[in-house]
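Containing CSV, C-alpha atoms: work28.csv.
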```
chain,number,residue,atom,x,y,z
F,1,ARG,CA,-15.8,-18.9,12.3
F,2,GLU,CA,-16.6,-16.3,9.7
F,3,ARG,CA,-13.6,-15.1,7.6
F,4,LEU,CA,-12.6,-12.1,5.5
F,5,LEU,CA,-9.7,-12.3,3.1
F,6,VAL,CA,-8.0,-9.2,1.6
F,7,ALA,CA,-5.2,-9.7,-0.8
F,8,TRP,CA,-2.8,-6.8,-1.7
F,9,GLY,CA,0.3,-6.0,-3.6
F,10,SER,CA,2.5,-3.3,-5.2
F,11,CYS,CA,5.3,-2.7,-7.7
F,12,ASN,CA,4.0,-4.4,-10.8
F,13,ILE,CA,5.4,-4.1,-14.3
F,14,PRO,CA,2.8,-5.2,-16.9
F,15,GLN,CA,5.5,-6.3,-19.3
F,16,TYR,CA,6.7,-8.9,-16.9
F,17,GLY,CA,5.0,-12.3,-16.5
F,18,GLN,CA,1.4,-11.9,-15.1
F,19,GLY,CA,0.8,-15.5,-14.0
F,20,VAL,CA,0.6,-14.4,-10.4
F,21,TRP,CA,-3.0,-13.5,-10.8
F,22,ASP,CA,-4.0,-17.2,-11.0
F,23,THR,CA,-2.3,-17.8,-7.7
F,24,VAL,CA,-4.0,-14.7,-6.1
F,25,ALA,CA,-7.4,-15.8,-7.4
F,26,ALA,CA,-6.9,-19.3,-6.0
F,27,GLN,CA,-6.9,-17.8,-2.5
F,28,GLU,CA,-10.4,-16.6,-3.2
F,29,PRO,CA,-10.0,-13.1,-1.6
F,30,ASP,CA,-12.9,-10.9,-0.9
F,31,ALA,CA,-11.0,-7.8,-2.2
F,32,TRP,CA,-7.8,-6.7,-3.8
F,33,LEU,CA,-5.8,-3.7,-2.5
F,34,TRP,CA,-3.3,-2.0,-4.7
F,35,LEU,CA,-0.5,-0.3,-2.8
F,36,GLY,CA,1.2,1.8,-5.5
F,37,ASP,CA,3.5,1.4,-8.5
F,38,ASN,CA,0.6,-0.6,-9.9
F,39,VAL,CA,2.1,0.1,-13.3
F,40,TYR,CA,5.3,1.9,-14.3
F,41,ALA,CA,4.7,4.8,-16.7
F,42,ASP,CA,8.5,5.2,-17.0
F,43,PHE,CA,9.4,1.6,-17.4
F,44,GLY,CA,11.9,1.1,-20.3
F,45,ALA,CA,12.2,4.9,-20.9
F,46,SER,CA,15.5,6.2,-22.1
F,47,PRO,CA,17.1,9.2,-20.2
F,48,ARG,CA,15.9,11.4,-23.0
F,49,GLU,CA,12.3,10.1,-22.7
F,50,LEU,CA,12.4,10.5,-18.9
F,51,ASN,CA,13.4,14.1,-19.3
F,52,ARG,CA,10.6,14.6,-21.7
F,53,MET,CA,8.1,13.1,-19.3
F,54,ARG,CA,9.0,15.8,-16.8
F,55,ARG,CA,8.2,18.7,-19.2
F,56,ASP,CA,5.8,17.3,-21.8
F,57,GLU,CA,2.4,16.5,-20.2
F,58,GLU,CA,0.8,14.8,-23.2
F,59,PHE,CA,3.8,12.6,-23.7
F,60,ALA,CA,3.8,11.6,-20.0
F,61,LEU,CA,0.1,10.9,-19.9
F,62,GLY,CA,0.4,8.9,-23.1
F,63,ARG,CA,3.0,6.6,-21.4
F,64,LEU,CA,0.8,6.3,-18.4
F,65,ARG,CA,-2.3,5.3,-20.5
F,66,GLU,CA,-0.1,2.7,-22.3
F,67,ALA,CA,1.0,1.2,-19.0
F,68,TYR,CA,-2.6,0.9,-17.7
F,69,ASP,CA,-3.8,-0.5,-21.0
F,70,ALA,CA,-1.0,-3.1,-20.9
F,71,GLN,CA,-2.0,-4.2,-17.4
F,72,LEU,CA,-5.7,-4.4,-18.3
F,73,SER,CA,-5.0,-6.4,-21.4
F,74,SER,CA,-3.5,-9.2,-19.3
F,75,PRO,CA,-6.1,-12.1,-19.5
F,76,SER,CA,-5.2,-13.5,-16.1
F,77,TYR,CA,-5.5,-10.0,-14.4
F,78,ALA,CA,-8.8,-9.4,-16.2
F,79,ALA,CA,-10.1,-12.8,-15.1
F,80,PHE,CA,-9.1,-12.1,-11.5
F,81,LEU,CA,-10.9,-8.7,-11.5
F,82,ASP,CA,-14.0,-10.4,-12.8
F,83,SER,CA,-13.8,-12.9,-10.0
F,84,LEU,CA,-14.0,-10.1,-7.3
F,85,ARG,CA,-17.3,-8.8,-5.9
F,86,ARG,CA,-16.1,-5.2,-6.0
F,87,PRO,CA,-13.6,-3.1,-7.8
F,88,PRO,CA,-10.0,-3.0,-6.5
F,89,LEU,CA,-9.2,-0.8,-3.5
F,90,GLY,CA,-6.0,1.1,-2.9
F,91,THR,CA,-3.7,3.9,-3.9
F,92,TRP,CA,-0.9,4.9,-6.2
F,93,ASP,CA,2.8,5.7,-5.8
F,94,ASP,CA,5.3,7.7,-7.9
F,95,HIS,CA,5.6,5.4,-11.0
F,96,ASP,CA,1.8,5.3,-11.6
F,97,PHE,CA,1.3,8.9,-10.4
F,98,ALA,CA,3.9,10.2,-12.9
F,99,TYR,CA,7.6,9.1,-12.6
F,100,ASP,CA,10.2,8.4,-10.0
F,101,ASN,CA,9.9,10.5,-6.8
F,102,ALA,CA,7.1,12.7,-8.3
F,103,ASP,CA,5.4,15.0,-5.8
F,104,GLY,CA,2.6,17.5,-5.4
F,105,THR,CA,4.1,20.1,-7.7
F,106,LEU,CA,3.2,17.9,-10.7
F,107,PRO,CA,1.2,20.1,-13.1
F,108,TRP,CA,-1.0,17.3,-14.4
F,109,ARG,CA,-1.8,15.5,-11.2
F,110,ASP,CA,-5.6,15.8,-11.8
F,111,GLU,CA,-5.3,14.2,-15.2
F,112,SER,CA,-3.2,11.4,-13.6
F,113,GLN,CA,-5.9,11.0,-10.9
F,114,ARG,CA,-8.6,10.5,-13.5
F,115,LEU,CA,-6.6,7.8,-15.3
F,116,PHE,CA,-5.9,6.1,-12.0
F,117,LEU,CA,-9.6,6.0,-11.1
F,118,ASP,CA,-10.5,4.6,-14.5
F,119,PHE,CA,-7.9,1.9,-14.1
F,120,MET,CA,-9.4,1.1,-10.6
F,121,ARG,CA,-12.9,0.8,-12.1
F,122,ALA,CA,-14.2,3.6,-9.9
F,123,PRO,CA,-17.8,4.4,-10.7
F,124,PRO,CA,-18.9,7.9,-11.7
F,125,ASP,CA,-20.3,8.6,-8.2
F,126,ASP,CA,-17.1,7.6,-6.4
F,127,PRO,CA,-16.1,10.4,-3.9
F,128,ARG,CA,-12.5,10.3,-5.3
F,129,ARG,CA,-13.9,11.6,-8.6
F,130,ARG,CA,-14.8,14.9,-6.8
F,131,GLN,CA,-11.9,15.3,-4.4
F,132,ARG,CA,-8.2,16.2,-4.7
F,133,GLY,CA,-6.1,13.1,-4.2
F,134,VAL,CA,-7.0,9.4,-4.3
F,135,TYR,CA,-7.2,8.7,-0.5
F,136,SER,CA,-10.3,6.6,0.5
F,137,SER,CA,-12.1,4.8,3.3
F,138,GLU,CA,-13.8,1.5,2.6
F,139,LEU,CA,-15.6,-1.0,4.8
F,140,LEU,CA,-15.2,-4.7,4.1
F,141,GLY,CA,-17.3,-7.4,5.6
F,142,GLU,CA,-21.0,-7.5,6.7
F,143,GLY,CA,-23.0,-6.2,9.6
F,144,ARG,CA,-20.8,-5.6,12.7
F,145,LYS,CA,-18.1,-7.9,11.4
F,146,VAL,CA,-16.2,-5.4,9.3
F,147,VAL,CA,-12.7,-4.1,8.6
F,148,GLN,CA,-12.1,-0.5,7.7
F,149,VAL,CA,-9.4,0.2,5.1
F,150,LEU,CA,-7.9,3.7,4.9
F,151,SER,CA,-5.8,4.1,1.8
F,152,LEU,CA,-3.4,7.1,2.0
F,153,ASP,CA,-2.2,9.2,-0.9
F,154,VAL,CA,1.4,10.2,-0.3
F,155,ARG,CA,1.8,11.8,-3.8
F,156,TYR,CA,-0.8,14.3,-4.6
F,157,PHE,CA,0.0,16.7,-1.7
F,158,ARG,CA,3.6,15.7,-1.0
F,159,ASP,CA,6.1,18.5,-0.6
F,160,PRO,CA,9.3,18.4,-2.5
F,161,TYR,CA,12.1,16.8,-0.5
F,162,GLY,CA,14.3,19.4,1.1
F,163,VAL,CA,11.4,21.6,2.2
F,164,GLU,CA,11.7,22.3,5.9
F,165,GLY,CA,8.9,20.6,7.8
F,166,GLY,CA,7.8,18.8,4.7
F,167,ASP,CA,4.6,16.8,4.6
F,168,PHE,CA,3.2,13.9,2.8
F,169,LEU,CA,-0.6,14.3,3.2
F,170,GLY,CA,-1.6,17.9,3.2
F,171,GLU,CA,-4.1,19.4,5.6
F,172,GLU,CA,-7.2,18.2,3.7
F,173,GLN,CA,-6.1,14.6,3.9
F,174,TRP,CA,-4.9,14.9,7.5
F,175,ALA,CA,-8.3,16.2,8.6
F,176,TRP,CA,-10.0,13.2,6.8
F,177,LEU,CA,-7.5,10.7,8.4
F,178,GLU,CA,-7.7,12.1,11.9
F,179,GLY,CA,-11.4,12.1,11.8
F,180,HIS,CA,-11.6,8.4,10.7
F,181,LEU,CA,-9.1,7.3,13.3
F,182,ARG,CA,-10.8,9.3,16.0
F,183,GLU,CA,-14.2,7.8,15.2
F,184,PRO,CA,-13.4,4.5,13.4
F,185,GLN,CA,-16.2,2.4,11.8
F,186,ALA,CA,-14.5,-1.0,12.7
F,187,GLU,CA,-12.6,-2.5,15.5
F,188,LEU,CA,-9.7,-3.3,13.1
F,189,VAL,CA,-8.5,-0.4,10.8
F,190,VAL,CA,-6.0,-1.0,8.1
F,191,VAL,CA,-3.9,2.1,7.2
F,192,ALA,CA,-2.6,1.4,3.8
F,193,SER,CA,0.4,3.5,2.7
F,194,SER,CA,2.4,3.0,-0.5
F,195,LEU,CA,5.5,4.1,1.4
F,196,GLN,CA,6.8,2.3,4.6
F,197,VAL,CA,5.9,4.0,7.8
F,198,LEU,CA,7.9,2.3,10.7
F,199,PRO,CA,11.3,1.5,9.1
F,200,ASP,CA,13.7,4.4,9.1
F,201,ASP,CA,16.8,2.3,8.4
F,202,LYS,CA,16.7,2.1,4.6
F,203,LEU,CA,19.5,3.7,2.5
F,204,VAL,CA,18.1,4.2,-1.0
F,205,THR,CA,14.3,4.2,-0.9
F,206,GLU,CA,11.6,6.7,0.1
F,207,SER,CA,9.8,6.3,3.4
F,208,TRP,CA,7.8,8.3,5.9
F,209,SER,CA,11.1,8.9,7.7
F,210,ASP,CA,12.0,11.4,5.0
F,211,PHE,CA,9.6,13.8,6.7
F,212,PRO,CA,10.1,13.1,10.4
F,213,ALA,CA,7.4,15.5,11.7
F,214,SER,CA,4.8,14.0,9.3
F,215,ARG,CA,5.8,10.5,10.4
F,216,LEU,CA,5.5,11.4,14.1
F,217,ARG,CA,2.0,13.0,13.4
F,218,LEU,CA,0.9,9.8,11.7
F,219,LEU,CA,2.1,7.5,14.5
F,220,SER,CA,0.6,9.8,17.2
F,221,THR,CA,-2.7,9.8,15.4
F,222,ILE,CA,-2.7,6.0,15.2
F,223,LEU,CA,-1.8,5.6,18.9
F,224,SER,CA,-4.7,7.9,19.9
F,225,SER,CA,-7.3,5.9,18.0
F,226,PRO,CA,-9.7,3.6,19.9
F,227,ALA,CA,-9.3,1.0,17.0
F,228,ARG,CA,-6.7,-1.6,16.5
F,229,VAL,CA,-4.5,-0.3,13.6
F,230,LEU,CA,-2.6,-2.5,11.1
F,231,LEU,CA,-0.1,-0.9,8.7
F,232,LEU,CA,0.2,-2.3,5.2
F,233,SER,CA,2.8,-0.9,2.7
F,234,GLY,CA,4.7,-1.5,-0.5
F,235,ASP,CA,7.4,0.2,-2.6
F,236,VAL,CA,10.7,-1.4,-1.6
F,237,HIS,CA,10.7,-4.5,-3.9
F,238,PHE,CA,10.8,-7.0,-1.2
F,239,ALA,CA,8.5,-8.2,1.6
F,240,GLU,CA,9.1,-7.3,5.2
F,241,VAL,CA,7.5,-7.6,8.6
F,242,SER,CA,8.2,-4.6,10.9
F,243,ALA,CA,6.9,-3.8,14.4
F,244,ALA,CA,7.2,-1.2,17.2
F,245,ARG,CA,5.6,-0.6,20.5
F,246,CYS,CA,5.4,3.2,20.1
F,247,GLY,CA,3.4,4.0,23.2
F,248,GLY,CA,5.2,1.9,25.8
F,249,GLY,CA,4.4,-1.4,27.4
F,250,ASP,CA,0.6,-0.7,27.8
F,251,TRP,CA,0.1,-0.5,24.1
F,252,PRO,CA,-0.3,-3.4,21.6
F,253,LEU,CA,2.6,-3.9,19.2
F,254,LEU,CA,2.1,-1.8,16.1
F,255,LEU,CA,2.6,-4.1,13.1
F,256,GLU,CA,3.5,-3.2,9.5
F,257,VAL,CA,3.6,-5.7,6.8
F,258,THR,CA,5.2,-4.8,3.4
F,259,SER,CA,4.4,-6.7,0.2
F,260,SER,CA,6.5,-5.7,-2.8
F,261,GLY,CA,6.5,-6.5,-5.6
F,262,VAL,CA,4.0,-8.4,-7.5
F,263,THR,CA,6.3,-8.7,-10.4
F,264,ARG,CA,9.3,-6.4,-9.5
F,265,ALA,CA,11.3,-7.9,-6.7
F,266,THR,CA,14.9,-7.5,-5.6
F,267,GLY,CA,15.7,-11.2,-5.5
F,268,THR,CA,14.7,-12.0,-9.1
F,269,THR,CA,14.1,-9.0,-11.4
F,270,GLU,CA,16.6,-6.4,-10.4
F,271,GLY,CA,19.7,-8.2,-11.7
F,272,TRP,CA,22.3,-10.4,-10.2
F,273,GLY,CA,24.3,-7.5,-8.7
F,274,VAL,CA,21.4,-6.0,-6.9
F,275,GLY,CA,20.4,-9.4,-5.5
F,276,VAL,CA,23.9,-9.9,-4.1
F,277,LEU,CA,24.0,-6.5,-2.5
F,278,PHE,CA,20.5,-7.0,-1.0
F,279,GLY,CA,21.7,-10.4,0.5
F,280,ALA,CA,24.7,-8.7,2.0
F,281,ALA,CA,22.6,-5.9,3.4
F,282,GLN,CA,20.3,-8.4,5.2
F,283,ARG,CA,23.3,-9.6,7.2
F,284,LEU,CA,25.1,-6.3,7.8
F,285,LEU,CA,22.4,-3.6,8.4
F,286,PRO,CA,20.6,-3.4,11.8
F,287,TRP,CA,17.0,-3.7,10.5
F,288,SER,CA,15.9,-2.6,13.9
F,289,TYR,CA,12.2,-2.9,13.3
F,290,ARG,CA,12.1,-6.5,12.4
F,291,PRO,CA,10.7,-8.3,15.4
F,292,ARG,CA,12.4,-11.7,14.8
F,293,GLY,CA,15.7,-10.4,13.4
F,294,ARG,CA,17.5,-9.7,10.1
F,295,LEU,CA,16.7,-12.7,8.0
F,296,GLN,CA,13.5,-14.2,9.4
F,297,ASP,CA,11.2,-11.2,8.5
F,298,THR,CA,12.0,-10.7,4.9
F,299,TYR,CA,11.4,-12.3,1.5
F,300,SER,CA,13.0,-11.0,-1.7
F,301,GLY,CA,11.1,-12.9,-4.5
F,302,PRO,CA,7.9,-11.7,-6.2
F,303,ASN,CA,5.1,-11.8,-3.7
F,304,PHE,CA,1.6,-10.6,-2.6
F,305,GLY,CA,0.0,-10.2,0.8
F,306,LEU,CA,-3.0,-11.8,2.3
F,307,LEU,CA,-4.9,-10.4,5.4
F,308,GLU,CA,-7.0,-13.0,7.1
F,309,VAL,CA,-9.6,-11.8,9.7
F,310,GLU,CA,-11.8,-14.2,11.5
F,311,TRP,CA,-14.8,-13.6,13.8
F,312,GLU,CA,-16.7,-16.1,15.9
F,313,ALA,CA,-19.7,-17.5,14.0
F,314,GLY,CA,-23.1,-16.1,14.8
F,315,GLU,CA,-23.8,-12.9,16.5
F,316,ASP,CA,-20.8,-11.8,18.6
F,317,PRO,CA,-22.0,-9.9,21.8
F,318,ARG,CA,-18.5,-8.4,22.3
F,319,GLY,CA,-18.3,-4.9,20.8
F,320,GLY,CA,-15.2,-2.8,20.8
F,321,PRO,CA,-15.0,1.0,21.2
F,322,ALA,CA,-15.3,1.4,17.4
F,323,ALA,CA,-19.0,2.2,16.8
F,324,GLY,CA,-20.0,-1.1,18.3
F,325,ALA,CA,-18.2,-3.2,15.7
F,326,ALA,CA,-17.5,-6.8,16.6
F,327,VAL,CA,-14.0,-7.7,17.9
F,328,PRO,CA,-12.1,-10.1,15.6
F,329,ALA,CA,-11.2,-13.5,17.1
F,330,SER,CA,-8.0,-13.7,15.0
F,331,VAL,CA,-6.1,-11.5,12.6
F,332,VAL,CA,-3.1,-12.9,10.6
F,333,VAL,CA,-1.1,-11.3,7.8
F,334,LYS,CA,0.7,-13.5,5.4
F,335,VAL,CA,3.1,-13.0,2.4
F,336,LEU,CA,2.9,-15.5,-0.4
F,337,ASP,CA,5.1,-16.2,-3.4
F,338,THR,CA,3.8,-16.6,-6.9
F,339,ALA,CA,3.3,-20.3,-6.4
F,340,GLY,CA,1.1,-19.7,-3.4
F,341,GLU,CA,3.7,-20.8,-0.8
F,342,VAL,CA,3.5,-18.9,2.5
F,343,ARG,CA,6.8,-17.1,3.0
F,344,LEU,CA,6.1,-14.8,6.0
F,345,VAL,CA,3.4,-15.0,8.7
F,346,ALA,CA,2.6,-12.2,11.2
F,347,PRO,CA,-0.3,-12.4,13.7
F,348,VAL,CA,-1.7,-9.1,14.8
F,349,ASP,CA,-1.5,-8.2,18.5
F,350,LEU,CA,-5.1,-7.7,19.7
F,351,PRO,CA,-5.1,-7.5,23.5
F,352,PRO,CA,-7.7,-5.5,25.3
F,353,ARG,CA,-6.8,-1.8,25.5
```

Now, as a test, write the supplied structure out as structure tokens.
Amino acid sequence: RERLLVAWGSCNIPQYGQGVWDTVAAQEPDAWLWLGDNVYADFGASPRELNRMRRDEEFALGRLREAYDAQLSSPSYAAFLDSLRRPPLGTWDDHDFAYDNADGTLPWRDESQRLFLDFMRAPPDDPRRRQRGVYSSELLGEGRKVVQVLSLDVRYFRDPYGVEGGDFLGEEQWAWLEGHLREPQAELVVVASSLQVLPDDKLVTESWSDFPASRLRLLSTILSSPARVLLLSGDVHFAEVSAARCGGGDWPLLLEVTSSGVTRATGTTEGWGVGVLFGAAQRLLPWSYRPRGRLQDTYSGPNFGLLEVEWEAGEDPRGGPAAGAAVPASVVVKVLDTAGEVRLVAPVDLPPR
């Protein structure tokens, strides 16, 4: 079989240990996908400094530059980037957009976008250099054996919380997303969101459920696509497998796999008290979107994700509805710890539709 490997992760503090990149590189991925909070501009900031970040553009941008520079100065991260055949893919979230819970009212969002694209090694002709927001579509693979990755931007256009009928994407981005899902370029489409889409049972974190109408529009758009869609997400500081059969029994299971964080994880870096509370929450809260139950579909240590897509070797005569692209023979998503041990495994449901 022919195989494509995509590694991804989120929630990374450069000042924490960066040895994970040697483990990621050992998997020999074809691409790396950042899913937000790739650095933390507000890490270690005092309350006074946090307040200054909200009103002093130069001070905030200076902290963001320092955070990106700290990550890029990591020898293991730099070596990993050099091992890839293409620049990283992906998107941002609040802490690398600006600060905690930042939204589309940020006055200096265009300057932040430029710094993000520099960090991502985006070339001068990258379409994101000319658009508002960092959303993107990328094709990975060769010939008909490809995967399409749609990275969403839930920060640049996001309405402030409390706005009636609030939205994450803005109409420009909605038109782009709906067009790609209506006429996909691959049989498997990855929709990458820094925030979780399916779970609506979290108590203290952001998710698409904060804007119910926007979440419903996203899920409806996914269900209407002729492609098989896989959701990848970050943000919550632990790994999780979620699933739902949104359209009834005739539809494949919609799977979402969350990998968070590369270095910032609830079980190790958030303090003893947070770890105890997290463990208790796993046993007490319903976690209604976990397909195997409360405890089997989560991991709280530092982690990264690995998407493995396989096609039959040679020319595959089977073409799906997505522009004649080849149908994968197998799609499996894994979550690995920093030693490379597999902690979670989730096969993607790919029945005929």

(Q) Could you tell me how far atom CA of Gly275 of chain F sits from atom CA of Pro347 of chain F, in Å to one decimal place? (A)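 Separation between atom CA of Pro347 of chain F and atom CA of Gly275 of chain F: 28.4 Å.
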
Q: One decimal, Å: what's the distance from atom CA of Thr268 of chain F over to atom CA of Tyr299 of chain F, could you say?
A: 11.1 Å

Q. Hey, what's within 8 Å of Ala67 of chain F if we count only C-alpha atoms and toss same-chain stuff fewer than 2 positions away? As a ChimeraX atom specification, please?
A. /F:14,39-41,63-65,69-71

Those same residues, written as an mmCIF file, in the coordinates of the input with C-alpha atoms?
```
data_model
loop_
_atom_site.group_PDB
_atom_site.id
_atom_site.type_symbol
_atom_site.label_atom_id
_atom_site.label_comp_id
_atom_site.auth_asym_id
_atom_site.auth_seq_id
_atom_site.Cartn_x
_atom_site.Cartn_y
_atom_site.Cartn_z
ATOM 1 C CA PRO F 14 2.800 -5.200 -16.900
ATOM 2 C CA VAL F 39 2.100 0.100 -13.300
ATOM 3 C CA TYR F 40 5.300 1.900 -14.300
ATOM 4 C CA ALA F 41 4.700 4.800 -16.700
ATOM 5 C CA ARG F 63 3.000 6.600 -21.400
ATOM 6 C CA LEU F 64 0.800 6.300 -18.400
ATOM 7 C CA ARG F 65 -2.300 5.300 -20.500
ATOM 8 C CA ASP F 69 -3.800 -0.500 -21.000
ATOM 9 C CA ALA F 70 -1.000 -3.100 -20.900
ATOM 10 C CA GLN F 71 -2.000 -4.200 -17.400
#
```

Q) Can you tell me, as a PyMOL selection string, what residues are no more than 10 Å from segment 15-28 of chain F when counting only C-alpha atoms, ignoring any on the same chain fewer than 2 positions away? A) chain F and resi 5-8+12-13+30-32+39-40+43-44+67+70-71+74-81+83-84+262-264+269+302-306+336-341

Q. Using all atoms listed in the file, which residue out of F:Ala325, F:Val191, F:Ser260, F:Leu169 lies closest to Arg217 of chain F?
A.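 Of the candidates, the smallest distance to Arg217 of chain F is held by F:Leu169.
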
Q) In terms of the shortest atom-to-atom distance over all atoms listed in the file, which of F:Glu240, F:Asp96, F:Asp125, F:Glu142 is closest to Trp311 of chain F? A)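 Of all the options, F:Glu142 lies closest to Trp311 of chain F.
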
Q) Could you pull the residues within 9 Å of Asp210 of chain F, counting all atoms listed in the file, minus those fewer than 4 positions along the same chain, as JSON, numbers by chain? A) {"F": [161, 166, 200, 206, 214, 215]}

Q: Find the residues around Arg121 of chain F up to 10 Å (all atoms listed in the file counted), leave out those fewer than 3 positions away in its own chain, and share them as a PyMOL selection string.
A: chain F and resi 81+86-89+115-118+124+126

Q: May I ask which of the residues F:Asp42, F:Asp100, F:Glu183, F:Asp56 is the closest one to Gly324 of chain F, counting all atoms listed in the file?
A: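 Among the listed residues, the smallest separation from Gly324 of chain F belongs to F:Glu183.
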
Got a sec: who's within 8 Å of Val345 of chain F, counting all atoms listed in the file, leaving out chain neighbours fewer than 4 positions off, as a CSV table (one decimal) with C-alpha atoms, keeping the file's coordinate frame?
```
chain,number,residue,atom,x,y,z
F,332,VAL,CA,-3.1,-12.9,10.6
F,333,VAL,CA,-1.1,-11.3,7.8
F,334,LYS,CA,0.7,-13.5,5.4
F,335,VAL,CA,3.1,-13.0,2.4
```

Q: Could you check which of F:Leu216, F:Ala313, F:Val229, F:Ala326 is closest to Val149 of chain F, using only C-alpha atoms?
A: F:Val229

Q) Which of these, F:Phe211, F:Leu223, F:Leu195, F:Thr91, has the shortest distance to Glu164 of chain F once you count all atoms listed in the file? A)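 Between F:Phe211, F:Leu223, F:Leu195, F:Thr91, the residue approaching Glu164 of chain F most closely is F:Phe211.
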
Q. Please, what distance in Å, to one decimal, runs between atom CA of Asn38 of chain F and atom CA of Val342 of chain F?
A.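 So the two atoms, atom CA of Asn38 of chain F and atom CA of Val342 of chain F, lie 22.3 Å apart.
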
Q) Using all atoms listed in the file, which residue out of F:Ala346, F:Leu106, F:Ala60, F:Leu285 lies closest to Val331 of chain F? A)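 Closest candidate: F:Ala346.
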
Q: In the coordinates of the file, take the point (-11.9, -1.0, 15.4) and a cut-off of 6 Å; then, counting all atoms listed in the file, name each qualifying protein, DNA or RNA residue as an MDAnalysis selection string.
A: chainID F and resid 186:189 227:228 322
